[in-house]
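Undergrad: Please find target-v1.cif (mmCIF, C-alpha atoms and all ligand atoms) on the next line:
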```cif
data_upload
loop_
_atom_site.label_atom_id
_atom_site.label_comp_id
_atom_site.auth_asym_id
_atom_site.auth_seq_id
_atom_site.Cartn_x
_atom_site.Cartn_y
_atom_site.Cartn_z
CA MET V 76 0.00 0.00 0.00
CA SER V 77 1.43 3.36 -0.89
CA ASN V 78 -0.93 5.61 -2.83
CA ASN V 79 -2.09 8.37 -0.54
CA ASN V 80 -5.44 8.51 -2.26
CA SER V 81 -5.93 4.83 -1.56
CA GLN V 82 -9.28 3.99 -0.08
CA PHE V 83 -7.64 1.09 1.85
CA PRO V 84 -8.67 -2.56 1.46
CA GLN V 85 -12.33 -3.47 1.84
CA TRP V 86 -13.69 -5.58 4.69
CA GLU V 87 -17.11 -7.15 5.15
CA VAL V 88 -18.84 -6.58 8.47
CA PHE V 89 -20.95 -9.15 10.34
CA ILE V 90 -22.92 -8.28 13.46
CA GLN V 91 -24.24 -10.52 16.19
CA GLU V 92 -27.33 -8.87 17.55
CA LYS V 93 -27.41 -10.71 20.85
CA SER V 94 -25.57 -13.54 22.50
CA GLY V 95 -26.41 -16.83 20.79
CA SER V 96 -27.78 -15.42 17.55
CA ALA V 97 -26.09 -15.80 14.16
CA PHE V 98 -23.68 -13.21 12.82
CA GLU V 99 -25.38 -11.35 10.00
CA HIS V 100 -23.85 -9.36 7.19
CA ALA V 101 -24.29 -5.61 7.67
CA GLY V 102 -22.14 -4.01 4.97
CA SER V 103 -18.54 -3.12 4.36
CA VAL V 104 -15.83 -0.74 5.53
CA HIS V 105 -12.37 0.25 4.40
CA ALA V 106 -9.37 -0.09 6.69
CA THR V 107 -5.66 -0.79 6.63
CA ASP V 108 -5.71 -3.38 9.42
CA LYS V 109 -7.99 -5.57 11.55
CA LYS V 110 -8.16 -3.19 14.45
CA MET V 111 -9.10 -0.23 12.29
CA ALA V 112 -11.65 -2.39 10.46
CA LEU V 113 -13.31 -3.33 13.76
CA GLN V 114 -13.35 0.27 14.98
CA ASN V 115 -14.76 1.59 11.71
CA ALA V 116 -17.37 -1.17 11.71
CA ARG V 117 -18.40 -0.21 15.23
CA ASP V 118 -18.69 3.47 14.32
CA ILE V 119 -20.58 2.88 11.10
CA TYR V 120 -22.85 -0.09 11.83
CA THR V 121 -23.53 -0.16 15.58
CA ARG V 122 -24.36 3.40 16.60
CA ARG V 123 -27.77 2.28 17.85
CA ASN V 124 -27.01 -0.92 19.76
CA GLU V 125 -27.35 -3.06 16.65
CA GLY V 126 -25.12 -5.64 18.25
CA ARG V 127 -22.60 -6.60 20.89
CA ALA V 128 -20.15 -8.58 18.79
CA LEU V 129 -18.56 -8.00 15.37
CA TRP V 130 -16.65 -9.96 12.76
CA VAL V 131 -14.69 -8.32 9.98
CA VAL V 132 -13.22 -10.26 7.10
CA MET V 133 -11.35 -8.96 4.09
CA THR V 134 -13.67 -8.95 1.10
CA ASP V 135 -11.03 -10.59 -1.09
CA ASN V 136 -11.09 -13.62 1.18
CA ILE V 137 -14.76 -14.35 0.55
CA ALA V 138 -15.69 -16.88 -2.12
CA SER V 139 -19.21 -16.71 -3.47
CA THR V 140 -21.47 -18.37 -6.01
CA THR V 141 -23.02 -16.31 -8.80
CA ARG V 142 -26.45 -16.12 -10.35
CA ASP V 143 -25.01 -17.86 -13.42
CA ASP V 144 -24.04 -21.01 -11.55
CA GLU V 145 -27.17 -20.86 -9.45
CA GLU V 146 -29.08 -23.64 -11.22
CA GLU V 147 -26.23 -26.04 -11.69
CA PHE V 148 -25.00 -25.47 -8.19
CA PHE V 149 -28.21 -25.74 -6.20
CA ASP V 150 -30.47 -27.98 -8.28
CA PRO V 151 -29.12 -31.24 -6.79
CA SER V 152 -30.99 -30.48 -3.57
CA GLU V 153 -34.27 -29.67 -5.28
CA ASP V 154 -35.58 -33.23 -5.87
CA LYS V 155 -34.79 -34.55 -2.42
CA ILE V 156 -37.92 -33.64 -0.54
CA TYR V 157 -37.51 -36.81 1.53
CA ARG V 158 -35.11 -34.64 3.53
CA THR V 159 -38.08 -32.80 5.04
CA PRO V 160 -40.40 -34.21 7.72
CA ASN V 161 -43.60 -33.59 5.72
CA PHE V 162 -42.57 -36.17 3.11
CA TYR V 163 -43.52 -39.00 5.48
CA LYS V 164 -47.04 -40.31 5.98
CA MET V 165 -47.81 -41.05 9.57
CA PRO V 166 -50.62 -43.46 10.56
CA ALA V 167 -53.77 -41.55 11.48
CA GLY V 168 -53.91 -40.61 15.13
CA THR V 169 -50.14 -40.64 15.72
CA THR V 170 -49.19 -38.03 18.29
CA ASN V 171 -45.99 -36.31 19.40
CA LEU V 172 -44.28 -37.04 16.09
CA MET H 110 -27.24 -16.76 -24.36
CA THR H 111 -27.48 -13.72 -26.63
CA ASP H 112 -27.64 -10.24 -25.14
CA GLU H 113 -31.33 -10.01 -26.04
CA GLN H 114 -32.06 -13.21 -24.15
CA LYS H 115 -30.07 -11.95 -21.20
CA LEU H 116 -31.98 -8.68 -21.27
CA ALA H 117 -35.31 -10.50 -21.42
CA LYS H 118 -34.32 -12.63 -18.43
CA PHE H 119 -33.11 -9.56 -16.56
CA GLU H 120 -36.35 -7.69 -17.16
CA ALA H 121 -38.42 -10.71 -16.21
CA ARG H 122 -36.61 -10.94 -12.90
CA ILE H 123 -37.22 -7.27 -12.18
CA LEU H 124 -40.87 -7.65 -13.08
CA ALA H 125 -41.10 -10.57 -10.65
CA GLY H 126 -39.80 -8.29 -7.89
CA GLU H 127 -36.40 -9.94 -7.60
CA LYS H 128 -33.32 -7.92 -6.69
CA ILE H 129 -30.32 -7.64 -8.98
CA GLU H 130 -27.01 -8.41 -7.25
CA PRO H 131 -23.52 -7.13 -8.19
CA LYS H 132 -22.30 -10.24 -10.00
CA ASP H 133 -25.49 -10.73 -12.02
CA TRP H 134 -25.71 -9.80 -15.69
CA MET H 135 -27.19 -6.33 -16.21
CA PRO H 136 -27.47 -3.93 -19.15
CA GLU H 137 -24.80 -1.25 -19.24
CA ALA H 138 -27.37 1.54 -19.10
CA TYR H 139 -28.70 0.08 -15.84
CA SER H 140 -25.36 0.06 -14.03
CA LYS H 141 -24.41 3.43 -15.51
CA THR H 142 -27.58 5.15 -14.34
CA LEU H 143 -27.40 3.53 -10.92
CA LEU H 144 -23.77 4.39 -10.41
CA ARG H 145 -24.41 8.02 -11.35
CA GLN H 146 -27.39 8.18 -9.01
CA MET H 147 -25.74 6.36 -6.11
CA SER H 148 -22.50 8.32 -6.22
CA GLN H 149 -24.52 11.55 -6.39
CA HIS H 150 -26.50 10.35 -3.40
CA ALA H 151 -23.32 9.49 -1.45
CA HIS H 152 -21.78 12.88 -2.22
CA SER H 153 -25.00 14.59 -1.06
CA GLU H 154 -24.82 12.89 2.33
CA VAL H 155 -21.22 14.00 2.77
CA ILE H 156 -21.60 17.59 1.50
CA GLY H 157 -24.82 17.85 3.51
CA MET H 158 -22.77 17.72 6.70
CA GLN H 159 -21.33 21.15 5.95
CA PRO H 160 -24.36 23.44 6.33
CA GLU H 161 -25.26 21.71 9.60
CA SER H 162 -21.78 21.63 11.09
CA ASN H 163 -21.80 25.40 10.69
CA TRP H 164 -23.98 25.50 13.84
CA VAL H 165 -22.42 22.85 16.06
CA LEU H 166 -20.34 25.34 18.03
CA ARG H 167 -23.26 27.74 18.34
CA ALA H 168 -25.96 25.25 19.35
CA PRO H 169 -28.17 26.84 22.02
CA SER H 170 -27.78 24.03 24.59
CA LEU H 171 -25.71 20.95 25.30
CA ARG H 172 -28.74 18.81 24.42
CA ALA H 173 -29.10 20.54 21.07
CA LYS H 174 -25.40 20.17 20.38
CA LYS H 175 -25.34 16.44 21.15
CA ILE H 176 -28.34 15.86 18.91
CA LEU H 177 -26.86 17.85 16.04
CA LEU H 178 -23.53 16.02 16.32
CA ALA H 179 -25.29 12.64 16.29
CA LYS H 180 -27.29 13.64 13.23
CA ILE H 181 -24.21 14.84 11.35
CA GLN H 182 -22.39 11.62 12.26
CA ASP H 183 -25.34 9.66 10.82
CA GLU H 184 -25.07 11.60 7.55
CA GLY H 185 -21.38 10.68 7.32
CA GLY H 186 -22.41 7.06 7.86
CA HIS H 187 -25.04 7.35 5.11
CA GLY H 188 -22.32 8.55 2.77
CA LEU H 189 -20.23 5.51 3.65
CA TYR H 190 -23.07 3.02 3.14
CA LEU H 191 -23.72 4.56 -0.25
CA TYR H 192 -20.08 4.68 -1.35
CA SER H 193 -19.85 0.98 -0.41
CA ALA H 194 -22.95 0.21 -2.44
CA ALA H 195 -21.58 2.15 -5.42
CA GLU H 196 -18.27 0.30 -5.14
CA THR H 197 -20.08 -2.92 -6.03
CA PHE H 198 -19.89 -1.67 -9.64
CA GLY H 199 -16.12 -1.95 -9.40
CA ILE H 200 -15.37 1.76 -9.06
CA ASP H 201 -12.81 2.94 -6.52
CA ARG H 202 -13.92 5.40 -3.86
CA ALA H 203 -10.96 7.65 -4.64
CA GLU H 204 -12.24 7.90 -8.20
CA MET H 205 -15.70 8.96 -7.03
CA ILE H 206 -14.20 11.61 -4.78
CA GLU H 207 -12.11 12.89 -7.65
CA GLN H 208 -15.24 13.12 -9.81
CA LEU H 209 -16.90 15.15 -7.08
CA GLN H 210 -13.99 17.49 -6.64
CA THR H 211 -13.58 18.09 -10.38
CA GLY H 212 -17.29 18.76 -10.80
CA LYS H 213 -17.94 15.68 -12.94
CA ALA H 214 -20.25 14.25 -10.29
CA LYS H 215 -23.05 16.26 -8.72
CA TYR H 216 -24.62 16.36 -5.29
CA SER H 217 -28.03 17.58 -4.19
CA SER H 218 -28.39 21.30 -4.90
CA VAL H 219 -30.20 21.91 -1.65
CA PHE H 220 -26.85 21.89 0.17
CA ASN H 221 -25.71 24.92 -1.79
CA TYR H 222 -27.92 27.16 0.34
CA PRO H 223 -26.49 28.78 3.49
CA THR H 224 -27.52 28.16 7.11
CA LEU H 225 -27.95 31.69 8.44
CA ASN H 226 -29.27 31.05 11.94
CA TRP H 227 -30.28 28.32 14.38
CA ALA H 228 -33.79 28.03 12.93
CA ASP H 229 -32.18 26.81 9.70
CA ILE H 230 -31.06 23.69 11.56
CA GLY H 231 -34.71 23.06 12.42
CA ALA H 232 -35.81 23.72 8.86
CA ILE H 233 -33.17 21.43 7.40
CA GLY H 234 -34.04 18.50 9.66
CA TRP H 235 -37.75 18.90 9.13
CA LEU H 236 -37.88 19.86 5.44
CA VAL H 237 -34.67 18.60 3.82
CA ASP H 238 -34.52 15.32 5.73
CA GLY H 239 -38.30 15.09 5.38
CA ALA H 240 -38.02 15.30 1.59
CA ALA H 241 -35.10 12.86 1.66
CA ILE H 242 -37.20 10.36 3.63
CA VAL H 243 -39.98 10.43 1.03
CA ASN H 244 -37.44 9.80 -1.71
CA GLN H 245 -35.44 7.19 0.19
CA THR H 246 -38.48 5.19 1.27
CA MET H 247 -39.24 4.85 -2.43
CA LEU H 248 -35.62 3.92 -3.24
CA ALA H 249 -35.65 1.17 -0.62
CA LYS H 250 -37.91 -0.66 -3.09
CA CYS H 251 -35.51 -0.28 -6.01
CA SER H 252 -34.29 -3.32 -7.92
CA TYR H 253 -30.56 -3.10 -7.14
CA GLY H 254 -29.90 -5.12 -3.98
CA PRO H 255 -26.98 -3.15 -2.48
CA TYR H 256 -28.76 0.20 -3.02
CA SER H 257 -32.03 -1.06 -1.64
CA ARG H 258 -30.35 -2.47 1.48
CA ALA H 259 -28.44 0.78 2.06
CA MET H 260 -31.74 2.68 1.81
CA ILE H 261 -33.48 0.44 4.33
CA ARG H 262 -30.67 1.07 6.81
CA ILE H 263 -30.71 4.81 6.12
CA CYS H 264 -34.49 5.13 6.45
CA LYS H 265 -34.31 3.59 9.92
CA GLU H 266 -31.92 6.35 10.97
CA GLU H 267 -33.71 9.25 9.28
CA GLY H 268 -36.75 9.21 11.52
CA PHE H 269 -34.94 11.02 14.29
CA HIS H 270 -33.44 13.55 11.88
CA GLN H 271 -36.80 14.83 10.81
CA ARG H 272 -38.30 14.81 14.29
CA GLN H 273 -35.42 16.72 15.87
CA GLY H 274 -35.81 19.37 13.16
CA TYR H 275 -39.55 19.67 13.67
CA GLU H 276 -39.01 19.86 17.43
CA ILE H 277 -36.71 22.86 16.96
CA MET H 278 -39.30 24.60 14.77
CA ALA H 279 -42.18 23.78 17.12
CA LYS H 280 -40.22 25.10 20.09
CA MET H 281 -39.34 28.35 18.35
CA MET H 282 -42.98 28.81 17.38
CA THR H 283 -43.92 28.85 21.06
CA GLY H 284 -41.17 31.39 21.83
CA THR H 285 -40.86 35.16 21.57
CA ALA H 286 -42.00 37.14 18.55
CA ALA H 287 -38.40 37.32 17.36
CA GLN H 288 -38.01 33.54 17.62
CA LYS H 289 -41.22 32.97 15.68
CA GLU H 290 -40.00 35.33 13.03
CA MET H 291 -36.72 33.43 12.77
CA ALA H 292 -38.56 30.13 12.33
CA GLN H 293 -40.84 31.60 9.66
CA ASP H 294 -37.86 33.15 7.88
CA ALA H 295 -36.09 29.77 7.78
CA MET H 296 -39.29 28.16 6.49
CA ASN H 297 -39.50 30.79 3.75
CA ARG H 298 -35.95 30.16 2.61
CA TRP H 299 -35.94 26.33 2.76
CA TRP H 300 -39.41 25.50 1.46
CA TRP H 301 -38.70 25.88 -2.25
CA PRO H 302 -35.22 24.31 -2.23
CA ALA H 303 -36.80 21.31 -0.43
CA LEU H 304 -39.43 20.96 -3.18
CA MET H 305 -36.69 21.17 -5.80
CA MET H 306 -34.98 18.16 -4.21
CA PHE H 307 -37.37 15.87 -6.09
CA GLY H 308 -35.96 17.02 -9.42
CA PRO H 309 -37.56 18.21 -12.66
CA HIS H 310 -41.12 17.39 -13.74
CA ASP H 311 -41.54 13.83 -14.99
CA ALA H 312 -42.14 15.07 -18.53
CA GLU H 313 -38.76 16.83 -18.52
CA SER H 314 -36.77 14.24 -16.65
CA VAL H 315 -34.52 12.47 -19.15
CA HIS H 316 -34.15 9.19 -17.33
CA THR H 317 -37.63 8.58 -15.99
CA SER H 318 -39.20 5.93 -18.24
CA GLU H 319 -36.26 3.52 -18.40
CA SER H 320 -35.56 4.01 -14.71
CA MET H 321 -39.15 3.12 -13.90
CA ARG H 322 -39.15 0.04 -16.12
CA TRP H 323 -35.99 -1.24 -14.47
CA LYS H 324 -37.19 -0.16 -11.03
CA ILE H 325 -34.21 2.11 -10.45
CA LYS H 326 -37.00 4.26 -9.14
CA VAL H 327 -40.51 3.08 -8.54
CA GLU H 328 -42.39 6.37 -8.29
CA SER H 329 -42.10 9.57 -10.27
CA ASN H 330 -40.60 12.88 -9.13
CA ASP H 331 -43.94 14.71 -9.20
CA LYS H 332 -45.75 12.03 -7.26
CA LEU H 333 -43.11 12.03 -4.53
CA ARG H 334 -43.07 15.83 -4.38
CA GLN H 335 -46.85 15.90 -3.97
CA ARG H 336 -46.65 13.35 -1.15
CA PHE H 337 -44.09 15.51 0.63
CA VAL H 338 -46.18 18.67 0.20
CA ASN H 339 -49.30 16.98 1.53
CA ARG H 340 -47.53 15.79 4.66
CA THR H 341 -45.58 18.94 5.30
CA VAL H 342 -48.25 21.60 4.79
CA GLU H 343 -50.26 20.09 7.60
CA GLN H 344 -47.24 19.90 9.90
CA ALA H 345 -46.50 23.58 9.16
CA HIS H 346 -50.03 24.68 9.99
CA HIS H 347 -50.02 22.56 13.11
CA ILE H 348 -47.32 24.73 14.69
CA GLY H 349 -48.47 28.03 13.18
CA LEU H 350 -46.03 28.34 10.30
CA THR H 351 -47.13 29.77 6.96
CA VAL H 352 -46.13 28.03 3.74
CA PRO H 353 -44.54 30.70 1.53
CA ASP H 354 -46.86 30.15 -1.43
CA ALA H 355 -49.84 32.43 -2.11
CA ASN H 356 -51.39 29.83 -4.44
CA LEU H 357 -51.34 27.00 -1.95
CA LYS H 358 -54.81 25.47 -1.69
CA TYR H 359 -56.39 22.19 -0.78
CA ASN H 360 -58.20 20.27 -3.49
CA LYS H 361 -60.95 18.22 -1.86
CA GLU H 362 -61.39 15.95 -4.85
CA THR H 363 -57.80 14.92 -5.35
CA MET H 364 -57.05 15.34 -1.63
CA ASN H 365 -53.85 17.12 -2.61
CA TRP H 366 -52.43 20.47 -1.60
CA GLU H 367 -51.91 22.35 -4.86
CA PHE H 368 -48.92 24.62 -5.08
CA SER H 369 -47.25 27.13 -7.42
CA GLU H 370 -44.82 26.31 -10.18
CA ILE H 371 -41.26 25.92 -8.95
CA ASN H 372 -38.73 28.50 -10.10
CA TRP H 373 -36.86 26.19 -12.47
CA ASP H 374 -34.44 28.90 -13.54
CA GLU H 375 -33.17 29.02 -9.99
CA PHE H 376 -33.04 25.22 -9.86
CA TRP H 377 -30.90 24.94 -13.00
CA ALA H 378 -28.70 27.86 -11.99
CA VAL H 379 -27.81 26.11 -8.72
CA VAL H 380 -27.32 22.74 -10.44
CA LYS H 381 -24.94 24.42 -12.89
CA GLY H 382 -22.83 25.76 -10.03
CA ASN H 383 -24.25 29.22 -9.43
CA GLY H 384 -25.95 28.73 -6.08
CA PRO H 385 -24.98 30.81 -3.06
CA CYS H 386 -22.56 28.20 -1.62
CA ASN H 387 -21.42 25.92 -4.48
CA HIS H 388 -17.90 27.25 -4.46
CA GLN H 389 -17.57 27.26 -0.67
CA ARG H 390 -18.81 23.65 -0.33
CA MET H 391 -16.31 22.30 -2.81
CA ALA H 392 -13.39 24.39 -1.55
CA HIS H 393 -14.08 23.09 1.96
CA HIS H 394 -14.23 19.46 0.79
CA ILE H 395 -10.96 19.74 -1.12
CA LYS H 396 -9.20 21.54 1.72
CA TYR H 397 -10.04 18.92 4.34
CA HIS H 398 -9.42 16.03 1.97
CA ASN H 399 -5.91 17.35 1.38
CA GLU H 400 -5.30 18.20 5.01
CA GLY H 401 -6.23 14.64 5.94
CA ALA H 402 -3.50 13.21 3.73
CA TRP H 403 -1.10 12.68 6.64
CA VAL H 404 -3.69 10.49 8.42
CA ARG H 405 -3.94 8.19 5.42
CA GLU H 406 -0.17 8.16 5.07
CA ALA H 407 0.25 7.25 8.73
CA ALA H 408 -2.31 4.43 8.49
CA ILE H 409 -0.53 2.97 5.48
CA ALA H 410 2.90 3.30 7.10
CA TYR H 411 1.60 1.58 10.22
CA GLU H 412 0.15 -1.31 8.24
CA ASN H 413 3.38 -1.73 6.26
CA LYS H 414 5.31 -1.85 9.52
CA LEU H 415 2.96 -4.48 10.95
CA GLN H 416 3.44 -6.65 7.89
CA GLN H 417 7.21 -6.22 8.08
CA LYS H 418 7.12 -7.34 11.69
CA GLN H 419 5.04 -10.39 10.79
CA LYS H 420 7.51 -11.38 8.11
CA THR H 421 10.48 -11.20 10.46
CA THR H 422 8.79 -13.16 13.23
CA VAL H 423 7.58 -15.99 10.96
FE FE V 501 -28.86 11.04 5.28
FE FE V 502 -30.69 12.71 7.51
#
```
Hey, can you dump this file as structure tokens for me?
TA:
Amino acid sequence: MSNNNSQFPQWEVFIQEKSGSAFEHAGSVHATDKKMALQNARDIYTRRNEGRALWVVMTDNIASTTRDDEEEFFDPSEDKIYRTPNFYKMPAGTTNL
Amino acid sequence: MTDEQKLAKFEARILAGEKIEPKDWMPEAYSKTLLRQMSQHAHSEVIGMQPESNWVLRAPSLRAKKILLAKIQDEGGHGLYLYSAAETFGIDRAEMIEQLQTGKAKYSSVFNYPTLNWADIGAIGWLVDGAAIVNQTMLAKCSYGPYSRAMIRICKEEGFHQRQGYEIMAKMMTGTAAQKEMAQDAMNRWWWPALMMFGPHDAESVHTSESMRWKIKVESNDKLRQRFVNRTVEQAHHIGLTVPDANLKYNKETMNWEFSEINWDEFWAVVKGNGPCNHQRMAHHIKYHNEGAWVREAAIAYENKLQQKQKTTV
């Protein structure tokens, strides 16, 4: 890094709203290092108690699928409805199941 | 797939109410229009901090000062959300800032008007943020995922901006004759610039029809402006303020408040750079951007040092 007009590397911000809940993506920040990324994320995304824990991860380190591979990638799970409880027929009158 | 097939698929998705995400195929005109609009929006949030910060040191109480600071900090945050959303098109933030500083990119003209006294802070929160809320609530429904999500976040924060402004106006309207006069004077100066925020009439707006088809916007400028007028006229009357428009009248059939034609010559003059504060706003932005150079340098030097250290310890 050298250019003074650099916007710094981009980081993605994840917030945990309360203890036990999942970390959810909130947006991104720019920062030179982890500590600055966490501080910027706090200032930008948690000014109103949106959470009590944060993750930041460099955007370049995230791999993602695209809309173009969507079908090929996810279709294999589409015809396997036997993975859901409603696929099974229970004898009439069965309870607690 | 040919480009026509891709376009048909793209339009079908929009029609079905789906959001378009950064890596999806999109027509060039779609990303171009959105990028122009989003960077303009981001710049507006950032430049909009200037007229308000003019009164931070002269706020009438500690309470008022804390509120104003929090609001200005929010606006800076809005700018950041929007720059991030615009960056999903692959543009660097430094490039957007350069476009702003060289005049290639615009920001909302309303911020080229001066804040002359404390009542202006009330008028801005109530009228300017009020108009922004009407527009941004519409934009939260737009088809581009990152923009829509930024708008949802921003709308949540705007509620307090408008209320704190209205509170200032309402308080002044229960004060001395001089205070009432100040509030009315601010109303008179900010009313028309606030109406201009919605842009030209639909018939004259170059981008409207395509933007509507692709849900870059989902309601027209005139419709949004009318919604704002209807809400705001009643709020003005409620605290004893007069709307500075002799032709203002309520139409029982349409249930709209009808108002005079906007002074479009003034609108275009300010857009083209001849408003009262255009020069000052840009000079200020450039000055502080340059004066902040050492902070960026220090951050980069620190990071380089950290990496050096890591290399030698490994
Ligand atoms: Fe804002
Ligand atoms: Fe605001």
Undergrad: For chain V, which of H:Ser153, H:Gln389, H:Asn399, H:Gln273 is the closest residue, counting all atoms listed in the file?
TA: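 Among the listed residues, H:Asn399 lies closest to chain V.
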Undergrad: Point out the residue among V:Glu125, V:Asp108, V:Val131, V:Asn115 with the least atom-to-atom distance to Phe89 (chain V), counting all atoms listed in the file.
TA: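 For Phe89 (chain V), the nearest of the candidates is V:Val131.
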Undergrad: Do you know which residues are within 7 Å of ligand FE 501 (chain V) using only C-alpha atoms and all ligand atoms? Can you write them as a short mmCIF file (atom, residue, chain, number, x, y, z; two decimals) with C-alpha atoms, keeping the file's coordinate frame?
TA:
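Dumped everything to out.cif:
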```cif
data_model
loop_
_atom_site.label_atom_id
_atom_site.label_comp_id
_atom_site.auth_asym_id
_atom_site.auth_seq_id
_atom_site.Cartn_x
_atom_site.Cartn_y
_atom_site.Cartn_z
CA GLU H 154 -24.82 12.89 2.33
CA ASP H 183 -25.34 9.66 10.82
CA GLU H 184 -25.07 11.60 7.55
CA HIS H 187 -25.04 7.35 5.11
CA ILE H 263 -30.71 4.81 6.12
CA GLU H 267 -33.71 9.25 9.28
#
```
Undergrad: Could you tell me which of V:Thr159, V:Ser152, V:Arg142, V:Arg127 comes closest to Gly95 (chain V) if we count only C-alpha atoms?
TA: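 Looking at the shortest contact to Gly95 (chain V), the residue is V:Arg127.
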Undergrad: Can you work out which residues from chain H touch chain V at a cut-off of 6 Å (counting only C-alpha atoms) and hand them back as a PyMOL selection string?
TA: chain H and resi 133+186+406
Undergrad: Pick out the closest residue to ligand FE 502 (chain V) from this set: H:Tyr139, H:Tyr256, H:Trp134, H:Phe269. Count all atoms listed in the file.
TA: H:Phe269
Undergrad: What's the separation between CA of Gly188 (chain H) and CA of Ser314 (chain H), in Å to one decimal place?
TA: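 Separating CA of Gly188 (chain H) from CA of Ser314 (chain H) is a distance of 24.9 Å.
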Undergrad: What's around Glu92 (chain V) at 9 Å? Count only C-alpha atoms, leave out sequence neighbours fewer than 6 positions away in its own chain, and write the answer as JSON, numbers by chain.
TA: {"V": [98, 99, 124, 125, 126, 127, 128]}
Undergrad: Output C-alpha atoms of each residue in that selection to a file, as an mmCIF file, keeping the file's coordinate frame.
TA:
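Final output, out.cif:
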```
data_model
loop_
_atom_site.group_PDB
_atom_site.id
_atom_site.type_symbol
_atom_site.label_atom_id
_atom_site.label_comp_id
_atom_site.auth_asym_id
_atom_site.auth_seq_id
_atom_site.Cartn_x
_atom_site.Cartn_y
_atom_site.Cartn_z
ATOM 1 C CA PHE V 98 -23.680 -13.210 12.820
ATOM 2 C CA GLU V 99 -25.380 -11.350 10.000
ATOM 3 C CA ASN V 124 -27.010 -0.920 19.760
ATOM 4 C CA GLU V 125 -27.350 -3.060 16.650
ATOM 5 C CA GLY V 126 -25.120 -5.640 18.250
ATOM 6 C CA ARG V 127 -22.600 -6.600 20.890
ATOM 7 C CA ALA V 128 -20.150 -8.580 18.790
#
```
Undergrad: Do you know which residues are within 12 Å of ligand FE 502 (chain V) using only C-alpha atoms and all ligand atoms? Can you write them as a PyMOL selection string?
TA: chain H and resi 150+153-158+161+177-188+230+233-245+260+262-274
Undergrad: Only C-alpha atoms, please: the residues just picked out, written as a PDB file, in the coordinates of the input.
TA:
```pdb
ATOM      1  CA  HIS H 150     -26.500  10.350  -3.400  1.00  0.00           C
ATOM      2  CA  SER H 153     -25.000  14.590  -1.060  1.00  0.00           C
ATOM      3  CA  GLU H 154     -24.820  12.890   2.330  1.00  0.00           C
ATOM      4  CA  VAL H 155     -21.220  14.000   2.770  1.00  0.00           C
ATOM      5  CA  ILE H 156     -21.600  17.590   1.500  1.00  0.00           C
ATOM      6  CA  GLY H 157     -24.820  17.850   3.510  1.00  0.00           C
ATOM      7  CA  MET H 158     -22.770  17.720   6.700  1.00  0.00           C
ATOM      8  CA  GLU H 161     -25.260  21.710   9.600  1.00  0.00           C
ATOM      9  CA  LEU H 177     -26.860  17.850  16.040  1.00  0.00           C
ATOM     10  CA  LEU H 178     -23.530  16.020  16.320  1.00  0.00           C
ATOM     11  CA  ALA H 179     -25.290  12.640  16.290  1.00  0.00           C
ATOM     12  CA  LYS H 180     -27.290  13.640  13.230  1.00  0.00           C
ATOM     13  CA  ILE H 181     -24.210  14.840  11.350  1.00  0.00           C
ATOM     14  CA  GLN H 182     -22.390  11.620  12.260  1.00  0.00           C
ATOM     15  CA  ASP H 183     -25.340   9.660  10.820  1.00  0.00           C
ATOM     16  CA  GLU H 184     -25.070  11.600   7.550  1.00  0.00           C
ATOM     17  CA  GLY H 185     -21.380  10.680   7.320  1.00  0.00           C
ATOM     18  CA  GLY H 186     -22.410   7.060   7.860  1.00  0.00           C
ATOM     19  CA  HIS H 187     -25.040   7.350   5.110  1.00  0.00           C
ATOM     20  CA  GLY H 188     -22.320   8.550   2.770  1.00  0.00           C
ATOM     21  CA  ILE H 230     -31.060  23.690  11.560  1.00  0.00           C
ATOM     22  CA  ILE H 233     -33.170  21.430   7.400  1.00  0.00           C
ATOM     23  CA  GLY H 234     -34.040  18.500   9.660  1.00  0.00           C
ATOM     24  CA  TRP H 235     -37.750  18.900   9.130  1.00  0.00           C
ATOM     25  CA  LEU H 236     -37.880  19.860   5.440  1.00  0.00           C
ATOM     26  CA  VAL H 237     -34.670  18.600   3.820  1.00  0.00           C
ATOM     27  CA  ASP H 238     -34.520  15.320   5.730  1.00  0.00           C
ATOM     28  CA  GLY H 239     -38.300  15.090   5.380  1.00  0.00           C
ATOM     29  CA  ALA H 240     -38.020  15.300   1.590  1.00  0.00           C
ATOM     30  CA  ALA H 241     -35.100  12.860   1.660  1.00  0.00           C
ATOM     31  CA  ILE H 242     -37.200  10.360   3.630  1.00  0.00           C
ATOM     32  CA  VAL H 243     -39.980  10.430   1.030  1.00  0.00           C
ATOM     33  CA  ASN H 244     -37.440   9.800  -1.710  1.00  0.00           C
ATOM     34  CA  GLN H 245     -35.440   7.190   0.190  1.00  0.00           C
ATOM     35  CA  MET H 260     -31.740   2.680   1.810  1.00  0.00           C
ATOM     36  CA  ARG H 262     -30.670   1.070   6.810  1.00  0.00           C
ATOM     37  CA  ILE H 263     -30.710   4.810   6.120  1.00  0.00           C
ATOM     38  CA  CYS H 264     -34.490   5.130   6.450  1.00  0.00           C
ATOM     39  CA  LYS H 265     -34.310   3.590   9.920  1.00  0.00           C
ATOM     40  CA  GLU H 266     -31.920   6.350  10.970  1.00  0.00           C
ATOM     41  CA  GLU H 267     -33.710   9.250   9.280  1.00  0.00           C
ATOM     42  CA  GLY H 268     -36.750   9.210  11.520  1.00  0.00           C
ATOM     43  CA  PHE H 269     -34.940  11.020  14.290  1.00  0.00           C
ATOM     44  CA  HIS H 270     -33.440  13.550  11.880  1.00  0.00           C
ATOM     45  CA  GLN H 271     -36.800  14.830  10.810  1.00  0.00           C
ATOM     46  CA  ARG H 272     -38.300  14.810  14.290  1.00  0.00           C
ATOM     47  CA  GLN H 273     -35.420  16.720  15.870  1.00  0.00           C
ATOM     48  CA  GLY H 274     -35.810  19.370  13.160  1.00  0.00           C
TER      49      GLY H 274
END
```
